[in-house]
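Chemist: For reference, this is structure_15.txt, and it has compact mmCIF, C-alpha atoms.
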```
# COMPACT_ATOMS: atom_id res chain seq x y z
CA MET A 7 81.82 135.40 93.83
CA SER A 8 79.17 137.99 92.92
CA GLY A 9 78.45 141.01 95.13
CA TYR A 10 75.07 139.57 96.02
CA ALA A 11 76.59 136.25 97.04
CA GLU A 12 79.23 138.02 99.12
CA GLU A 13 76.50 140.02 100.87
CA ARG A 14 74.49 136.86 101.58
CA CYS A 15 77.59 135.16 102.99
CA ASP A 16 78.31 138.22 105.17
CA ASP A 17 74.74 138.07 106.46
CA LEU A 18 75.23 134.40 107.26
CA ARG A 19 78.46 135.03 109.14
CA ARG A 20 76.81 137.79 111.18
CA THR A 21 73.93 135.48 112.04
CA SER A 22 76.26 132.71 113.18
CA TYR A 23 78.41 135.04 115.31
CA MET A 24 75.50 136.85 116.96
CA ALA A 25 73.58 133.67 117.62
CA SER A 26 76.56 131.96 119.20
CA MET A 27 77.60 134.67 121.63
CA ASP A 28 75.78 132.93 124.50
CA LEU A 29 77.11 129.45 123.79
CA GLY A 30 80.29 129.80 125.79
CA PHE A 31 82.33 129.12 122.66
CA ARG A 32 82.74 130.76 119.28
CA MET A 33 81.11 129.48 116.12
CA HIS A 34 81.13 130.89 112.62
CA ALA A 35 80.13 129.97 109.09
CA GLU A 36 82.51 129.63 106.14
CA ARG A 37 81.54 129.26 102.50
CA THR A 38 82.87 126.27 100.56
CA PRO A 39 83.45 125.60 96.84
CA ASN A 40 80.04 123.93 96.83
CA PRO A 41 77.38 126.71 96.82
CA ASN A 42 74.93 124.35 98.52
CA SER A 43 77.25 123.50 101.42
CA ILE A 44 78.28 125.68 104.35
CA LYS A 45 80.95 124.82 106.90
CA TRP A 46 80.09 125.71 110.52
CA VAL A 47 83.29 125.92 112.57
CA LEU A 48 83.13 125.45 116.34
CA ALA A 49 85.75 126.27 118.95
CA THR A 50 85.00 122.97 120.65
CA SER A 51 85.59 119.36 119.68
CA LEU A 52 82.81 117.23 118.23
CA LEU A 53 84.81 114.14 117.28
CA ASP A 54 88.27 112.79 117.90
CA PRO A 55 90.93 114.10 115.46
CA GLY A 56 90.85 112.25 112.15
CA LYS A 57 87.36 110.89 112.72
CA SER A 58 84.39 111.94 110.57
CA ALA A 59 80.86 110.91 109.67
CA GLN A 60 78.67 111.60 106.64
CA PHE A 61 74.85 111.46 106.59
CA GLN A 62 72.81 111.84 103.41
CA ALA A 63 69.53 110.90 105.04
CA PRO A 64 68.14 111.64 108.52
CA PRO A 65 69.71 109.26 111.05
CA SER A 66 68.19 108.19 114.32
CA ALA A 67 69.16 110.09 117.45
CA ALA A 68 70.86 106.90 118.64
CA CYS A 69 73.10 107.04 115.55
CA SER A 70 73.87 110.78 115.70
CA PRO A 71 71.99 113.18 117.98
CA LEU A 72 73.56 116.18 116.23
CA ALA A 73 72.83 115.08 112.66
CA ALA A 74 69.28 114.13 113.67
CA ARG A 75 68.69 117.68 114.96
CA LEU A 76 70.11 119.29 111.83
CA PHE A 77 67.95 117.20 109.51
CA THR A 78 64.84 118.61 111.18
CA VAL A 79 65.62 121.92 109.40
CA SER A 80 63.66 122.04 106.15
CA GLY A 81 65.85 121.86 103.05
CA VAL A 82 68.81 120.02 104.61
CA THR A 83 69.97 117.09 102.46
CA GLY A 84 73.35 116.25 103.98
CA VAL A 85 75.32 116.57 107.21
CA PHE A 86 79.04 115.96 107.58
CA LEU A 87 80.65 115.89 111.04
CA SER A 88 84.36 116.33 111.65
CA SER A 89 86.57 117.08 114.63
CA ASN A 90 85.59 120.74 115.06
CA PHE A 91 83.17 121.57 112.26
CA VAL A 92 79.85 120.63 110.73
CA THR A 93 79.19 120.92 107.00
CA VAL A 94 75.52 121.21 106.08
CA THR A 95 74.28 120.68 102.52
CA LYS A 96 70.91 121.99 101.35
CA VAL A 97 68.67 121.86 98.30
CA ALA A 98 69.38 124.59 95.76
CA GLU A 99 65.91 126.11 96.10
CA VAL A 100 66.41 127.08 99.76
CA GLU A 101 68.35 130.25 100.67
CA TRP A 102 71.01 130.06 103.36
CA THR A 103 69.65 133.16 105.04
CA ASP A 104 66.34 131.34 105.55
CA ILE A 105 67.83 128.37 107.40
CA ALA A 106 70.95 129.82 109.07
CA GLN A 107 69.22 130.60 112.35
CA PRO A 108 67.48 127.20 112.66
CA LEU A 109 70.83 125.49 112.00
CA VAL A 110 72.58 127.56 114.65
CA ASP A 111 69.75 126.82 117.07
CA ALA A 112 70.09 123.08 116.36
CA ILE A 113 73.84 123.16 117.01
CA LYS A 114 73.28 125.21 120.16
CA ALA A 115 70.68 122.74 121.42
CA HIS A 116 73.05 119.85 120.79
CA VAL A 117 75.98 121.46 122.61
CA SER A 118 73.73 122.43 125.51
CA SER A 119 72.55 118.83 125.80
CA GLN A 120 76.17 117.66 126.24
CA GLU A 121 75.37 114.62 124.13
CA PRO A 122 78.07 113.13 121.89
CA ALA A 123 77.89 113.96 118.19
CA LEU A 124 77.75 110.24 117.39
CA GLY A 125 75.59 107.77 119.28
CA PRO A 126 76.02 104.08 120.10
CA ASP A 127 74.30 102.95 116.90
CA PHE A 128 76.80 104.69 114.60
CA GLU A 129 78.90 102.36 112.46
CA ALA A 130 81.80 103.75 110.46
CA ARG A 131 82.22 102.68 106.85
CA PRO A 132 84.72 99.86 106.63
CA SER A 133 87.91 100.34 104.68
CA MET A 134 90.22 97.72 103.19
CA ALA A 135 93.56 99.01 104.37
CA GLU A 136 96.24 96.41 103.78
CA GLY A 137 99.64 96.25 102.21
CA GLU A 138 102.50 98.71 101.81
CA VAL A 139 100.95 100.57 98.87
CA VAL A 140 97.71 101.13 100.78
CA GLU A 141 99.65 102.35 103.80
CA ARG A 142 101.43 104.92 101.63
CA ILE A 143 98.13 106.02 100.05
CA ILE A 144 96.50 106.50 103.44
CA ARG A 145 99.53 108.36 104.78
CA ILE A 146 99.39 110.89 101.93
CA LEU A 147 95.63 111.27 102.32
CA ASP A 148 95.88 111.83 106.07
CA GLU A 149 98.93 114.09 106.04
CA GLU A 150 98.40 116.14 102.86
CA ILE A 151 94.97 115.75 101.28
CA ARG A 152 92.48 115.58 104.13
CA PRO A 153 93.73 118.70 105.99
CA ALA A 154 93.47 120.73 102.77
CA VAL A 155 90.01 119.40 101.95
CA ALA A 156 88.81 120.02 105.52
CA MET A 157 89.50 123.73 105.05
CA ASP A 158 86.66 123.72 102.50
CA GLY A 159 84.30 121.80 104.77
CA GLY A 160 84.77 118.35 103.31
CA ASP A 161 86.70 115.14 103.66
CA VAL A 162 88.00 112.24 101.58
CA VAL A 163 88.04 108.80 103.17
CA PHE A 164 89.92 105.81 101.80
CA ALA A 165 87.55 103.08 100.62
CA GLY A 166 89.80 100.63 98.80
CA PHE A 167 92.61 99.95 96.32
CA HIS A 168 92.11 97.51 93.44
CA GLU A 169 94.32 96.99 90.39
CA GLY A 170 95.76 100.49 90.46
CA ARG A 171 92.45 102.20 91.25
CA VAL A 172 92.12 104.18 94.49
CA GLU A 173 88.54 104.39 95.70
CA LEU A 174 87.51 107.28 97.95
CA TYR A 175 84.40 108.42 99.75
CA LEU A 176 83.76 112.14 99.14
CA GLN A 177 82.08 113.70 102.16
CA GLY A 178 80.79 117.06 103.34
CA SER A 179 81.04 119.88 100.82
CA CYS A 180 82.94 117.58 98.44
CA SER A 181 79.85 115.46 97.88
CA GLY A 182 78.00 116.95 94.92
CA CYS A 183 80.36 119.91 94.60
CA PRO A 184 80.73 121.20 90.99
CA SER A 185 84.51 121.30 91.40
CA SER A 186 84.83 117.88 93.06
CA ARG A 187 85.94 116.16 89.83
CA ALA A 188 88.74 118.69 89.36
CA THR A 189 89.80 118.19 92.97
CA LEU A 190 89.73 114.42 92.52
CA LYS A 191 91.59 114.26 89.20
CA LEU A 192 93.84 117.34 89.14
CA GLY A 193 94.56 117.36 92.84
CA ILE A 194 94.31 114.01 94.58
CA GLU A 195 94.95 111.71 91.62
CA ALA A 196 97.88 113.77 90.38
CA ARG A 197 99.50 113.78 93.83
CA LEU A 198 99.04 110.05 94.42
CA ARG A 199 100.29 109.08 90.95
CA GLU A 200 103.33 111.31 91.43
CA ALA A 201 104.21 109.69 94.76
CA ILE A 202 103.08 106.11 94.14
CA PRO A 203 103.72 104.53 90.69
CA GLU A 204 101.25 101.74 91.43
CA VAL A 205 98.34 104.21 91.42
CA VAL A 206 96.65 104.44 88.00
CA GLU A 207 93.54 106.46 88.81
CA VAL A 208 91.40 107.81 91.66
CA VAL A 209 87.62 107.48 91.68
CA ALA A 210 84.77 108.42 94.00
CA VAL A 211 82.47 105.65 95.23
```
Could you render the structure as structure tokens?
Modeler:
Amino acid sequence: MSGYAEERCDDLRRTSYMASMDLGFRMHAERTPNPNSIKWVLATSLLDPGKSAQFQAPPSAACSPLAARLFTVSGVTGVFLSSNFVTVTKVAEVEWTDIAQPLVDAIKAHVSSQEPALGPDFEARPSMAEGEVVERIIRILDEEIRPAVAMDGGDVVFAGFHEGRVELYLQGSCSGCPSSRATLKLGIEARLREAIPEVVEVVAV
């Protein structure tokens, strides 16, 4: 990363720490492989472990009060919620230093409201988990792949398995990331094909 980018990221981390001192919990920003996505880590739970939600358009407050607040910040194009972090994706033209404080304020307002991160209108994407092969795929994803991807502010969710093809939803910083194809093919696909002969390829849907 360039010196300028490092300095901008340092400024962002300082903003998130200073702004969160009065929240009663710690919060900080972490860069991800996607330059247009930042992972905001909270020391409090947003969702149950293993649960996540991706929004690529502003949802209603009844669907997700937290995502609805974050989408009010100009330049936000995606919000990914996980157990203890939020990944926000922006348009390339907007600088992180310009929207860091509004994002922190939105998270602070949500936590102060004591509302759940997901509302009653939220519906999770259905998956087609059936059969021994699918069970093995999901086990590897949950135990090996998803924890590693979460460290970079993203997630991969099983979508289906058809004729040797594993279909995954890429969420958070993984969605639109320049290195997502390498992660998918050189990382996830290679691991699944090594462990499960029935797997021919892995694709994003």
Chemist: Identify which of the residues A:Val94, A:Val110, A:Val162, A:Lys45 lies closest to Glu149 of chain A, counting only C-alpha atoms when measuring atom-to-atom distances.
Modeler: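 Nearest to Glu149 of chain A: A:Val162.
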Chemist: Quick one: distance from atom CA of Glu173 of chain A to atom CA of Thr95 of chain A in Å, one decimal?
Modeler: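 Distance between the two atoms: 22.7 Å.
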Chemist: Please list, as a list in words, the residues that have an atom at most 6 Å away from (93.0, 104.7, 86.3) in the coordinates of this file, counting all atoms listed in the file.
Modeler: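 The residues that fall inside the cut-off are Arg171, Val206 and Glu207 of chain A.
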Chemist: Pick from A:Ala165, A:Leu87, A:Val82, A:Ala123: nearest to Glu99 of chain A, with only C-alpha atoms counted?
Modeler: A:Val82
Chemist: Could you check the closest approach to Phe128 of chain A for each of A:Pro65, A:Pro108, A:Pro203, A:Gly182 and tell me which residue wins, using only C-alpha atoms?
Modeler: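 Between A:Pro65, A:Pro108, A:Pro203, A:Gly182, the residue approaching Phe128 of chain A most closely is A:Pro65.
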Chemist: Identify which of the residues A:Met33, A:Ala98, A:Leu76, A:Leu176 lies closest to Ala156 of chain A, counting only C-alpha atoms when measuring atom-to-atom distances.
Modeler: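 So, comparing all the options, the nearest one is A:Leu176.
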Chemist: For each of A:Glu138, A:Ser185, A:Pro64, A:Val205, take the minimum atom-to-atom distance to His168 of chain A, counting all atoms listed in the file, then give the residue where this is smallest.
Modeler: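 Smallest distance to His168 of chain A is found for A:Val205.
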